[in-house]
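Just below is one structure, and these are the notes that go with it.
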4 protein chains.
Amino acid sequence: MPALLWPGDDRAGDHLGDSQVVAAMLRVESAWLATLIDAGIAPAAAAADLGEQAGAVDPEALAVAAEAGGNPVIPLVRQLRERLAGTHPETARWLHRGLTSQDVLDTALVLGVRETTDAMLARMNAQVDSLAELAERHRADVAAGRTLTQHAVPVTFGLTAARWLYGVLEARDDLCDARDRLPVQIGGAAGTLAAPAELLRRSGVGGDALALARAAAERLDLPWAPPWHTVRAPLTRLADALTRAVDAWGQIAADVLVRARPEIAELAEPAGSGRGGSSTMPQKANPILSILVRRAALTAPGLAAQLHLAAADAVDERPDGAWHTEWMPLVQLARLGLTAADQTAELLAGLHVDTGRMARLVQATASGLLAEQRSLTALVEGPPEPDFDPAHYLGGTDALIDDIVRRARTADRTRSGGRR
Amino acid sequence: MPALLWPGDDRAGDHLGDSQVVAAMLRVESAWLATLIDAGIAPAAAAADLGEQAGAVDPEALAVAAEAGGNPVIPLVRQLRERLAGTHPETARWLHRGLTSQDVLDTALVLGVRETTDAMLARMNAQVDSLAELAERHRADVAAGRTLTQHAVPVTFGLTAARWLYGVLEARDDLCDARDRLPVQIGGAAGTLAAPAELLRRSGVGGDALALARAAAERLDLPWAPPWHTVRAPLTRLADALTRAVDAWGQIAADVLVRARPEIAELAEPAGSGRGGSSTMPQKANPILSILVRRAALTAPGLAAQLHLAAADAVDERPDGAWHTEWMPLVQLARLGLTAADQTAELLAGLHVDTGRMARLVQATASGLLAEQRSLTALVEGPPEPDFDPAHYLGGTDALIDDIVRRARTADRTRSGGRR
Amino acid sequence: MPALLWPGDDRAGDHLGDSQVVAAMLRVESAWLATLIDAGIAPAAAAADLGEQAGAVDPEALAVAAEAGGNPVIPLVRQLRERLAGTHPETARWLHRGLTSQDVLDTALVLGVRETTDAMLARMNAQVDSLAELAERHRADVAAGRTLTQHAVPVTFGLTAARWLYGVLEARDDLCDARDRLPVQIGGAAGTLAAPAELLRRSGVGGDALALARAAAERLDLPWAPPWHTVRAPLTRLADALTRAVDAWGQIAADVLVRARPEIAELAEPAGSGRGGSSTMPQKANPILSILVRRAALTAPGLAAQLHLAAADAVDERPDGAWHTEWMPLVQLARLGLTAADQTAELLAGLHVDTGRMARLVQATASGLLAEQRSLTALVEGPPEPDFDPAHYLGGTDALIDDIVRRARTADRTRSGGRR
Amino acid sequence: MPALLWPGDDRAGDHLGDSQVVAAMLRVESAWLATLIDAGIAPAAAAADLGEQAGAVDPEALAVAAEAGGNPVIPLVRQLRERLAGTHPETARWLHRGLTSQDVLDTALVLGVRETTDAMLARMNAQVDSLAELAERHRADVAAGRTLTQHAVPVTFGLTAARWLYGVLEARDDLCDARDRLPVQIGGAAGTLAAPAELLRRSGVGGDALALARAAAERLDLPWAPPWHTVRAPLTRLADALTRAVDAWGQIAADVLVRARPEIAELAEPAGSGRGGSSTMPQKANPILSILVRRAALTAPGLAAQLHLAAADAVDERPDGAWHTEWMPLVQLARLGLTAADQTAELLAGLHVDTGRMARLVQATASGLLAEQRSLTALVEGPPEPDFDPAHYLGGTDALIDDIVRRARTADRTRSGGRR
């Protein structure tokens with residue numbers, strides 16, 4: 001799904017692309033069918049590898065057909081039943097029984113978004129490693145602090161890296177949490193599980209519709225939750241956490257863009273083949289990774305807001321438009337997030353840090369950078385310190401770096417790191 | 001570009017699809033090359049039909065290559081030069097000379113968006129016809145007015161249609177205006193037209209760089225304007241007008257959705273083959289056109305806001321991310337708008353109006369609908385009017401319908417209607 | 001701070017009003033001053049009750065003076081020093097030493113938002129009680145389920161209440177979590193704690209600047225965190241959780257608004273004195289609580305997006321505008337949230353549920369409501385069941401209600417309930 | 001209405017403050033009452049100066065009372081009737097007859113927003129003057145052009161000023177247009193003008209309800225339009241144009257913020273007394289006007305989107321929440337816009353331009369700035385030009401400045417300039 005007007009989108013690979021969504025919908029239908037068979041509702045003859053049908057489904061045709069009912073599940077089920085009627089009549093007969101479109105699409109999107117999130121978490125782990133190393137390597141490399149665009153007091157580049165790291169750590173925690181709370185959606189037509197219960201009753205099997213839903217959840221390795229047809233917290237929580245991650249990368253990109261300006265030139269992006277070029281100016285080396293990450297940062301908040309709006313406008317047992325507004329911003333936010341995660345990881349792994357340039361600026365502007373320090377000298381009596389070195393006005397910099405890097409190093413890597 | 005998770009998107013056809021954007025970029029490069037040849041800067045041998053190259057360009061590969069420079073123009077120019085080097089060396093040599101990436105992409109998007117807007121205006125003209133007819137046909141069909149969800153005073157369904165029409169007319173005017181103000185973008189590397197001027201000087205032709213830009217604009221049938229690399233008003237104006245149109249359709253859809261509820265059942269969508277069905281409930285006839293239009297209405301404001309944010313964050317002679325955030329929301333807003341325009345036109349052309357149902361409700365609730373009227377009776381002395389008919393409490397309804405329909409009928413149809 | 005154009009805002013009382021923010025800023029300065037004295041940096045004579053100064057501060061004058069430096073802390077400190085110079089010279093001398101404006105304002109907003117959140121949580125606990133009761137009381141009261149505005153399969157009103165409850169529970173968890181993670185902000189001019197460290201050094205006291213910050217945090221009963229001048233996750237997390245709560249209430253309000261329509265009339269708002277009236281129609285009883293809650297639901301997503309945008313645009317050690325954009329949306333979101341929390345609590349406590357009306361609709365539409373059930377009958381062989389009762393097609397409704405109510409009843413009430 | 005957390009808000013004075021809105025509502029009621037008297041519906045004895053009542057209305061009490069009906073008009077009318085009952089019984093009797101709350105509030109907001117827009121346009125005229133002067137004064141002052149943060153080709157600062165001017169001119173045109181299209185709102189309870197028509201009928205006066213509405217519009221010096229209770233185009237058009245203006249100022253602020261960085265130092269803000277200071281760093285001179293303008297630029301798009309959302313969600317003859325969401329973002333957008341207009345005018349009037357610094361940078365980086373020029377040299381045969389001066393690579397700069405300044409000078413100043 002590379003998109004001409006969305007540079008870098010190919011970094012997101014097939015994640016949540018149309019084919020992947022079809023495959024995920026088939027996975028959901030398969031899991032449910034297997035659950036029906038297991039429970040003794042559907043006959044063993046209904047068993048079939050629906051995944052094999054994936055190739056036969058044309059996403060474009062499905063997309064066109066999706067309009068009539070408002071979602072792609074309806075034509076998918078119809079197509080599958082038609083295809084299977086001849087060879088697998090029992091499969092055709094039992095397919096999708098007990099579910100509603102929203103069950104299939106919501107769960108498929110949850111599966112897709114969870115995979116995308118895992119890929120993102122893997123990039124975040126790489127970012128954390130790069131940042132912890134930058135923080136430690138440059139812990140004593142003094143640079144001018146800047147507030148409201150003007151020079152403030154001295155900092156070190158290591159502290160800047162630690163500050164970036166802090167943002168990524170905060171975001172990673174929330175993203176892991178939101179990821180783990182993405183549940184299966186199985187509620188049937190109006191969230192009562194009436195059809196599954198009816199199937200149990202009429203087939204004489206007996207038992208509990210909720211147990212059926214829980215069994216399907218287990219097959220899909222998803223936590224169970226009550227039907228959330230109109231309780232969209234699982235999605236807004238994930239979208240918020242994704243946006244928080246993009247925010248953290250946006251902050252990194254903004255800093256790189258300022259400090260890569262030729263008049264400052266303290267940071268430079270890793271050179272890639274042909275990267276940063278212009279169509280007309282041969283001398284150009286534009287910080288294009290940061291530019292594209294910043295693009296994501298300016299875009300993500302609006303996408304997440306769209307998901308909240310959909311949640312806030314939910315009505316009835318399935319809403320009249322709000323649900324339909326969720327799909328595109330969710331997919332775009334996830335893909336844009338993964339792209340930005342990957343670009344940021346690459347940026348940080350190869351970031352050029354010109355500590356000499358930083359040091360020269362500190363020397364040249366030492367008087368301003370130490371204005372606060374001198375005002376404190378006036379406050380606390382004592383001899384003047386005319387040759388005070390900016391490198392001695394760093395306060396808790398070292399301890400702050402230690403604190404943040406320690407958090408990075410002691411975080412449970414298996415939690416997010418093992419994925420992907 | 002049908003998208004699985006964007007039902008109805010195929011109604012927008014190829015508009016602003018990747019191939020169309022490539023074709024538009026080639027059109028811009030062609031117009032500029034022809035201008036250079038015309039001016040005597042480039043030799044006649046540089047002439048070539050770049051449009052023929054369209055087939056050779058792989059949008060997916062271009063999309064991947066676009067990341068390095070941040071936009072697709074850079075790899076497109078490189079590819080074209082490589083392809084043409086053997087057969088059309090002068091074309092390869094003169095291609096894109098004097099332009100910058102932003103000139104090509106902005107102008108290509110302007111061309112694409114203008115075409116999409118024209119298609120939308122054609123649908124709006126159809127809507128206007130349907131609505132004027134509905135307003136007149138139902139001018140005297142009394143219905144309960146509703147405010148804050150509760151019954152208010154009587155209206156007629158004709159007035160409701162006129163109100164909808166009013167919104168469409170307001171939007172159409174703004175959209176025509178914004179459409180006509182979409183200018184060519186030709187500024188060169190930093191908006192100074194330095195390269196075109198240099199080409200004029202060194203080729204000994206002399207003359208004026210602005211005249212060159214104006215000539216290219218004329219070839220593309222676009223108005224000229226000073227380079228707007230960081231003055232994004234043309235795009236925000238168009239996006240705002242598009243959104244205003246979607247707002248108008250959203251209002252129509254919201255009314256249909258309320259009045260198509262089975263407990264009210266005053267309106268119904270035109271039946272389409274298989275339309276409005278459910279994956280599990282055979283009795284369902286969901287008002288799916290309105291639902292998808294409402295989806296657009298809830299989505300458009302955020303997309304337009306993104307374009308304003310990009311405009312507000314513009315910096316330098318070309319911004320570091322803000323420009324790059326414009327492309328996707330612009331394309332999505334235009335395609336979503338065209339889809340919603342088409343769906344609304346279909347909805348209005350076939351809307352079922354149950355005037356009997358409306359009348360029965362008015363009868364049943366006449367006392368409440370006339371409470372205001374009775375309070376005025378108390379105010380202005382005179383005999384009580386016990387059997388007052390709600391149909392006599394319609395005030396200026398007729399005159400308002402006339403006023404709005406007259407505007408619809410006397411609008412300059414050639415302005416927007418002749419397009420597409 | 002009641003605002004004419006924000007009906008219901010007085011429900012938020014003084015929360016985050018200008019005077020409260022001034023008081024919170026004084027509390028922060030006081031805590032820091034006490035910390036300096038405790039540490040032996042400032043002399044005991046610097047001790048003063050800054051809270052007493054609150055009355056002397058004119059918020060309007062402060063607001064005007066805030067423009068010069070871009071925030072209200074700068075003129076507040078200046079005013080306090082001037083006022084205290086005569087009577088408390090040591091207080092005047094030591095006030096604010098070691099802090100920067102952002103430390104004071106961020107921490108003050110954290111204190112204010114935390115209190116507002118606690119007030120909101122108290123309302124949510126009341127909502128949870130009302131909803132659990134509604135869910136149990138109406139667990140068997142059958143009603144028509146509705147999807148995409150049309151009748152679907154039967155539900156019970158108890159399940160609807162449980163679904164609302166589920167949304168509130170999800171939101172409450174996130175809000176408690178985000179509330180507890182709001183940290184103190186103490187970083188000094190550029191987040192290095194250089195000034196506190198310098199004060200320790202020059203006063204000969206020795207020790208650790210971070211320890212000083214932690215001590216101040218403890219005084220304010222806030223968790224410590226590294227300076228988050230440009231890591232805005234604590235605020236976006238809170239804003240997201242607030243919005244998630246408003247989403248949950250918006251869903252409730254949307255349902256009430258549909259079902260309070262006179263043609264449906266299954267639900268009605270509690271009557272308040274003069275509530276729901278019109279300026280001209282005497283018969284009106286508008287569902288005004290739900291309308292105002294819905295207003296909040298349509299508004300909150302944009303406010304939270306603004307906080308994310310500020311986070312994403314953070315640059316340097318303090319950003320050039322992004323920080324300044326946070327304050328108003330944060331305050332508005334918190335106040336609007338508290339207003340909506342209170343309105344929803346009132347709405348739920350007095351909601352009129354017309355179960356007779358629901359039952360009559362179910363009877364009248366039983367055939368449609370059971371269309372799915374009949375299609376399953378066809379699927380699983382067995383005798384037809386002509387007089388099947390919609391009340392027998394409720395699937396896991398009871399178990400779902402139990403599951404959600406159990407969660408409500410077993411939640412740690414002391415966590416959020418003990419507050420306020 | 002200075003707000004502690006909205007620095008600079010006092011620049012917006014009383015515009016759209018609570019008292020002003022009350023005064024505007026009284027103006028609307030007065031105009032309508034006078035129209036009723038003029039028409040012979042109400043007796044001459046109903047005449048009264050409602051403006052005199054303004055002092056007696058307590059906006060805070062009104063705000064609290066506004067919740068019951070959802071808007072402040074209902075309690076205002078009640079209060080006025082109670083106050084006037086004794087002294088002006090006929091006024092009390094006839095007040096508000098024929099109107100609905102929305103008529104009064106919408107028209108009052110239109111009056112308030114129009115005044116605020118006029119004040120904004122006056123600032124824009126001043127900006128235009130400053131910018132035209134800057135463009136001409138610095139037309140030949142060469143500076144480095146910057147794209148994607150890196151040096152591009154030479155520009156002049158005069159062209160930068162002309163580019164800013166271009167944005168302001170585009171915005172001013174749209175704002176004038178939107179301002180002039182703000183209509184009166186008179187529709188009665190459901191937009192039919194039933195009550196005015198009934199008053200005409202029963203009072204035996206006869207005549208036309210629309211004529212009555214037009215007469216009231218004339219009294220208020222507003223254009224008439226059909227009732228736009230749910231057609232919100234007039235407000236979204238105004239909000240869009242306001243945002244377009246803020247976008248233009250945001251672009252200016254962003255450029256100043258980059259070029260005021262100490263490493264670049266090409267521009268500086270006018271010094272104001274105490275402006276730009278810090279609470280702890282005595283050396284600081286922060287570009288605070290630009291920071292606050294940038295704050296507005298990052299905030300406005302979300303506010304305008306809120307108005308579009310309200311328009312898109314309009315339903316029935318008066319919507320159930322969407323209308324209520326408009327008021328605060330509209331007021332905030334208008335006040336924030338006026339503040340930013342004023343700040344930008346001040347910034348531009350006193351902007352320090354360091355042309356020497358610009359020139360030195362051009363000298364130091366001439367080789368890079370001329371890389372494109374050299375590549376054209378290679379294209380068009382001819383002798384190399386080793387000492388080519390960047391000042392000779394400015395293309396159409398002069399002509400572009402002329403074009404834009406001419407537009408500024410020939411614009412119809414009376415249109416917007418005469419106001420305020």
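Chains: A, B, ... in order of the structure tokens. Residues: from 1 per chain. Ligands: from 1, in order shown.
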Distance table requested - chain B against chain A, cut-off 6 Å, only C-alpha atoms: one row per qualifying residue with the closest atom pair and its distance in Å to one decimal, ordered by chain and rising residue number, as CSV.
residue,atom,partner,partner_atom,distance
B:Pro2,CA,A:Ala63,CA,5.8
B:Ala3,CA,A:Ala63,CA,5.6
B:Leu4,CA,A:Ala63,CA,4.2
B:Leu5,CA,A:Trp327,CA,6.0
B:Pro7,CA,A:Glu67,CA,4.6
B:Gly8,CA,A:Glu67,CA,5.1
B:Asp18,CA,A:Leu4,CA,5.9
B:Glu60,CA,A:Pro2,CA,5.8
B:Ala63,CA,A:Leu4,CA,4.2
B:Ala66,CA,A:Pro7,CA,5.5
B:Glu67,CA,A:Pro7,CA,4.6
B:Ala68,CA,A:Arg275,CA,4.3
B:Gly69,CA,A:Gly276,CA,4.9
B:Ile74,CA,A:Ser279,CA,5.0
B:Thr100,CA,A:Thr280,CA,6.0
B:Ser101,CA,A:Ser279,CA,5.9
B:Arg275,CA,A:Ala68,CA,4.3
B:Gly276,CA,A:Gly69,CA,4.9
B:Gly277,CA,A:Gly69,CA,5.2
B:Ser279,CA,A:Ile74,CA,5.0
B:Thr280,CA,A:Thr100,CA,6.0
B:Ile291,CA,A:Gly321,CA,4.8
B:Arg294,CA,A:Gly321,CA,5.6
B:Arg295,CA,A:Gly321,CA,4.7
B:Asp320,CA,A:Ile291,CA,5.3
B:Gly321,CA,A:Arg295,CA,4.7
B:Thr325,CA,A:Arg295,CA,5.3
B:Trp327,CA,A:Leu5,CA,6.0
Stretch 273-400 of chain B: residues DSSP assigns to alpha helix (DSSP H), reported as a VMD selection string: chain B and resid 288 to 312 322 to 349 355 to 364 366 to 369 371 to 379 397 to 400
Residue contacts of D:Val128 (8 Å, only C-alpha atoms) excluding same-chain residues fewer than 6 positions away, as a PyMOL selection string: chain D and resi 165+168-169+408
Can you write out the residues you just picked, keeping C-alpha atoms, as a PDB file, in the first residue's frame?
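Okay, this is what ended up in result_20.pdb:
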ATOM      1  CA  LEU D 165       1.770  40.749   2.852  1.00  0.00           C
ATOM      2  CA  VAL D 168      -2.567  39.059   4.854  1.00  0.00           C
ATOM      3  CA  LEU D 169      -4.209  40.394   1.679  1.00  0.00           C
ATOM      4  CA  ALA D 408      -2.107  46.345  -1.263  1.00  0.00           C
TER       5      ALA D 408
END
Residue among A:His88, A:Trp164, A:Met120, A:Trp228 lying closest to C:Ile404, counting only C-alpha atoms: A:Trp228
Within 10 Å of A:Arg237 using only C-alpha atoms, minus same-chain residues under 2 positions, as a list in words: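 Contacts, with the query itself left out: Asp174, Leu175, Asp177, Ala178, Arg179, Arg181, Leu182, Arg232, Ala233, Pro234, Leu235, Ala239, Asp240, Ala241, Leu242, Thr243, Ala304, Leu307 and His308 of chain A; Glu170, Ala171, Asp174, Arg237, Asp240, Ala241 and Arg244 of chain C.
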Which of stretch 15-204 of chain A fall in strand (DSSP E or B), as a VMD selection string: chain A and resid 142 to 147 150 to 156
Write the residues of the selection above to a file with all heavy atoms, as a PDB file, in the first residue's frame.
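Once everything was written out, this is out-v1.pdb:
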ATOM      1  N   VAL A 142      28.792  19.629  26.892  1.00  0.00           N
ATOM      2  CA  VAL A 142      28.001  20.820  27.211  1.00  0.00           C
ATOM      3  C   VAL A 142      27.479  21.495  25.948  1.00  0.00           C
ATOM      4  O   VAL A 142      28.159  21.531  24.921  1.00  0.00           O
ATOM      5  CB  VAL A 142      28.851  21.815  28.029  1.00  0.00           C
ATOM      6  CG1 VAL A 142      27.990  22.997  28.494  1.00  0.00           C
ATOM      7  CG2 VAL A 142      29.453  21.113  29.237  1.00  0.00           C
ATOM      8  N   ALA A 143      26.269  21.984  26.030  1.00  0.00           N
ATOM      9  CA  ALA A 143      25.635  22.701  24.923  1.00  0.00           C
ATOM     10  C   ALA A 143      24.782  23.811  25.514  1.00  0.00           C
ATOM     11  O   ALA A 143      24.497  23.818  26.713  1.00  0.00           O
ATOM     12  CB  ALA A 143      24.767  21.747  24.101  1.00  0.00           C
ATOM     13  N   ALA A 144      24.406  24.744  24.652  1.00  0.00           N
ATOM     14  CA  ALA A 144      23.534  25.822  25.123  1.00  0.00           C
ATOM     15  C   ALA A 144      22.116  25.301  25.275  1.00  0.00           C
ATOM     16  O   ALA A 144      21.568  24.733  24.334  1.00  0.00           O
ATOM     17  CB  ALA A 144      23.560  26.983  24.131  1.00  0.00           C
ATOM     18  N   GLY A 145      21.532  25.485  26.443  1.00  0.00           N
ATOM     19  CA  GLY A 145      20.112  25.227  26.588  1.00  0.00           C
ATOM     20  C   GLY A 145      19.339  26.339  25.887  1.00  0.00           C
ATOM     21  O   GLY A 145      19.829  27.473  25.773  1.00  0.00           O
ATOM     22  N   ARG A 146      18.151  26.012  25.400  1.00  0.00           N
ATOM     23  CA  ARG A 146      17.358  27.022  24.678  1.00  0.00           C
ATOM     24  C   ARG A 146      15.924  26.985  25.188  1.00  0.00           C
ATOM     25  O   ARG A 146      15.318  25.920  25.285  1.00  0.00           O
ATOM     26  CB  ARG A 146      17.356  26.729  23.176  1.00  0.00           C
ATOM     27  CG  ARG A 146      18.712  26.834  22.514  1.00  0.00           C
ATOM     28  CD  ARG A 146      18.675  26.394  21.053  1.00  0.00           C
ATOM     29  NE  ARG A 146      19.963  26.607  20.404  1.00  0.00           N
ATOM     30  CZ  ARG A 146      20.921  25.679  20.306  1.00  0.00           C
ATOM     31  NH1 ARG A 146      20.756  24.479  20.814  1.00  0.00           N
ATOM     32  NH2 ARG A 146      22.060  25.975  19.706  1.00  0.00           N
ATOM     33  N   THR A 147      15.425  28.158  25.517  1.00  0.00           N
ATOM     34  CA  THR A 147      14.005  28.242  25.883  1.00  0.00           C
ATOM     35  C   THR A 147      13.396  29.406  25.122  1.00  0.00           C
ATOM     36  O   THR A 147      14.035  30.457  24.977  1.00  0.00           O
ATOM     37  CB  THR A 147      13.807  28.439  27.397  1.00  0.00           C
ATOM     38  OG1 THR A 147      14.468  29.623  27.813  1.00  0.00           O
ATOM     39  CG2 THR A 147      14.367  27.253  28.184  1.00  0.00           C
ATOM     40  N   GLN A 150      15.554  31.289  22.660  1.00  0.00           N
ATOM     41  CA  GLN A 150      16.764  32.000  23.056  1.00  0.00           C
ATOM     42  C   GLN A 150      17.621  31.147  24.002  1.00  0.00           C
ATOM     43  O   GLN A 150      17.109  30.269  24.684  1.00  0.00           O
ATOM     44  CB  GLN A 150      16.391  33.315  23.755  1.00  0.00           C
ATOM     45  CG  GLN A 150      15.497  34.220  22.919  1.00  0.00           C
ATOM     46  CD  GLN A 150      16.127  34.633  21.605  1.00  0.00           C
ATOM     47  OE1 GLN A 150      17.178  35.254  21.583  1.00  0.00           O
ATOM     48  NE2 GLN A 150      15.511  34.216  20.480  1.00  0.00           N
ATOM     49  N   HIS A 151      18.916  31.476  24.028  1.00  0.00           N
ATOM     50  CA  HIS A 151      19.809  30.743  24.921  1.00  0.00           C
ATOM     51  C   HIS A 151      19.396  30.927  26.376  1.00  0.00           C
ATOM     52  O   HIS A 151      19.051  32.029  26.800  1.00  0.00           O
ATOM     53  CB  HIS A 151      21.250  31.207  24.714  1.00  0.00           C
ATOM     54  CG  HIS A 151      21.770  30.842  23.355  1.00  0.00           C
ATOM     55  ND1 HIS A 151      22.788  31.512  22.723  1.00  0.00           N
ATOM     56  CD2 HIS A 151      21.387  29.868  22.495  1.00  0.00           C
ATOM     57  CE1 HIS A 151      23.009  30.969  21.537  1.00  0.00           C
ATOM     58  NE2 HIS A 151      22.162  29.975  21.374  1.00  0.00           N
ATOM     59  N   ALA A 152      19.486  29.838  27.118  1.00  0.00           N
ATOM     60  CA  ALA A 152      19.036  29.873  28.510  1.00  0.00           C
ATOM     61  C   ALA A 152      20.238  29.623  29.420  1.00  0.00           C
ATOM     62  O   ALA A 152      21.054  30.518  29.637  1.00  0.00           O
ATOM     63  CB  ALA A 152      17.954  28.817  28.702  1.00  0.00           C
ATOM     64  N   VAL A 153      20.357  28.414  29.963  1.00  0.00           N
ATOM     65  CA  VAL A 153      21.499  28.025  30.783  1.00  0.00           C
ATOM     66  C   VAL A 153      22.114  26.794  30.113  1.00  0.00           C
ATOM     67  O   VAL A 153      21.517  26.222  29.209  1.00  0.00           O
ATOM     68  CB  VAL A 153      21.066  27.701  32.238  1.00  0.00           C
ATOM     69  CG1 VAL A 153      20.492  28.941  32.926  1.00  0.00           C
ATOM     70  CG2 VAL A 153      20.041  26.566  32.268  1.00  0.00           C
ATOM     71  N   PRO A 154      23.305  26.365  30.536  1.00  0.00           N
ATOM     72  CA  PRO A 154      23.934  25.219  29.866  1.00  0.00           C
ATOM     73  C   PRO A 154      23.170  23.922  30.140  1.00  0.00           C
ATOM     74  O   PRO A 154      22.577  23.746  31.207  1.00  0.00           O
ATOM     75  CB  PRO A 154      25.328  25.139  30.499  1.00  0.00           C
ATOM     76  CG  PRO A 154      25.536  26.413  31.224  1.00  0.00           C
ATOM     77  CD  PRO A 154      24.183  26.941  31.584  1.00  0.00           C
ATOM     78  N   VAL A 155      23.215  23.050  29.151  1.00  0.00           N
ATOM     79  CA  VAL A 155      22.741  21.665  29.330  1.00  0.00           C
ATOM     80  C   VAL A 155      23.853  20.772  28.766  1.00  0.00           C
ATOM     81  O   VAL A 155      24.896  21.259  28.375  1.00  0.00           O
ATOM     82  CB  VAL A 155      21.419  21.408  28.564  1.00  0.00           C
ATOM     83  CG1 VAL A 155      20.298  22.303  29.073  1.00  0.00           C
ATOM     84  CG2 VAL A 155      21.602  21.602  27.072  1.00  0.00           C
ATOM     85  N   THR A 156      23.635  19.475  28.766  1.00  0.00           N
ATOM     86  CA  THR A 156      24.545  18.631  27.977  1.00  0.00           C
ATOM     87  C   THR A 156      23.707  17.924  26.918  1.00  0.00           C
ATOM     88  O   THR A 156      22.496  17.757  27.094  1.00  0.00           O
ATOM     89  CB  THR A 156      25.286  17.571  28.816  1.00  0.00           C
ATOM     90  OG1 THR A 156      24.361  16.533  29.176  1.00  0.00           O
ATOM     91  CG2 THR A 156      25.928  18.170  30.050  1.00  0.00           C
TER      92      THR A 156
END
Close residues, stretch 211-220 of chain B itself excluded, 9 Å, only C-alpha atoms, min 3 positions apart in chain, as an NGL selection string: :B and (27-28 or 31-36 or 39 or 111 or 183-187 or 193 or 196-197 or 207-208 or 223-225)
Take the residues that were just selected and, keeping C-alpha atoms, output them as a PDB file, in the first residue's frame.
ATOM      1  CA  ARG B  27       0.977  17.735 -17.496  1.00  0.00           C
ATOM      2  CA  VAL B  28       2.681  20.430 -15.463  1.00  0.00           C
ATOM      3  CA  ALA B  31       3.323  22.815 -19.996  1.00  0.00           C
ATOM      4  CA  TRP B  32       6.502  24.251 -18.587  1.00  0.00           C
ATOM      5  CA  LEU B  33       8.698  22.580 -21.179  1.00  0.00           C
ATOM      6  CA  ALA B  34       6.481  23.890 -23.952  1.00  0.00           C
ATOM      7  CA  THR B  35       6.737  27.329 -22.421  1.00  0.00           C
ATOM      8  CA  LEU B  36      10.528  27.143 -22.409  1.00  0.00           C
ATOM      9  CA  ALA B  39      10.141  31.389 -25.319  1.00  0.00           C
ATOM     10  CA  LEU B 111      -5.370  20.500 -11.344  1.00  0.00           C
ATOM     11  CA  PRO B 183      -3.803  29.278  -9.036  1.00  0.00           C
ATOM     12  CA  VAL B 184      -0.781  27.853 -10.778  1.00  0.00           C
ATOM     13  CA  GLN B 185       2.290  27.502  -8.592  1.00  0.00           C
ATOM     14  CA  ILE B 186       5.491  28.593 -10.314  1.00  0.00           C
ATOM     15  CA  GLY B 187       8.175  30.093  -8.153  1.00  0.00           C
ATOM     16  CA  LEU B 193      11.754  32.728 -10.197  1.00  0.00           C
ATOM     17  CA  PRO B 196      13.629  30.978 -15.141  1.00  0.00           C
ATOM     18  CA  ALA B 197      15.107  34.465 -15.177  1.00  0.00           C
ATOM     19  CA  GLY B 207      12.275  39.043 -21.221  1.00  0.00           C
ATOM     20  CA  ASP B 208      10.489  38.574 -18.024  1.00  0.00           C
ATOM     21  CA  PRO B 223      -5.011  31.783 -13.037  1.00  0.00           C
ATOM     22  CA  TRP B 224      -1.548  33.098 -12.223  1.00  0.00           C
ATOM     23  CA  ALA B 225      -0.640  34.229  -8.746  1.00  0.00           C
TER      24      ALA B 225
END
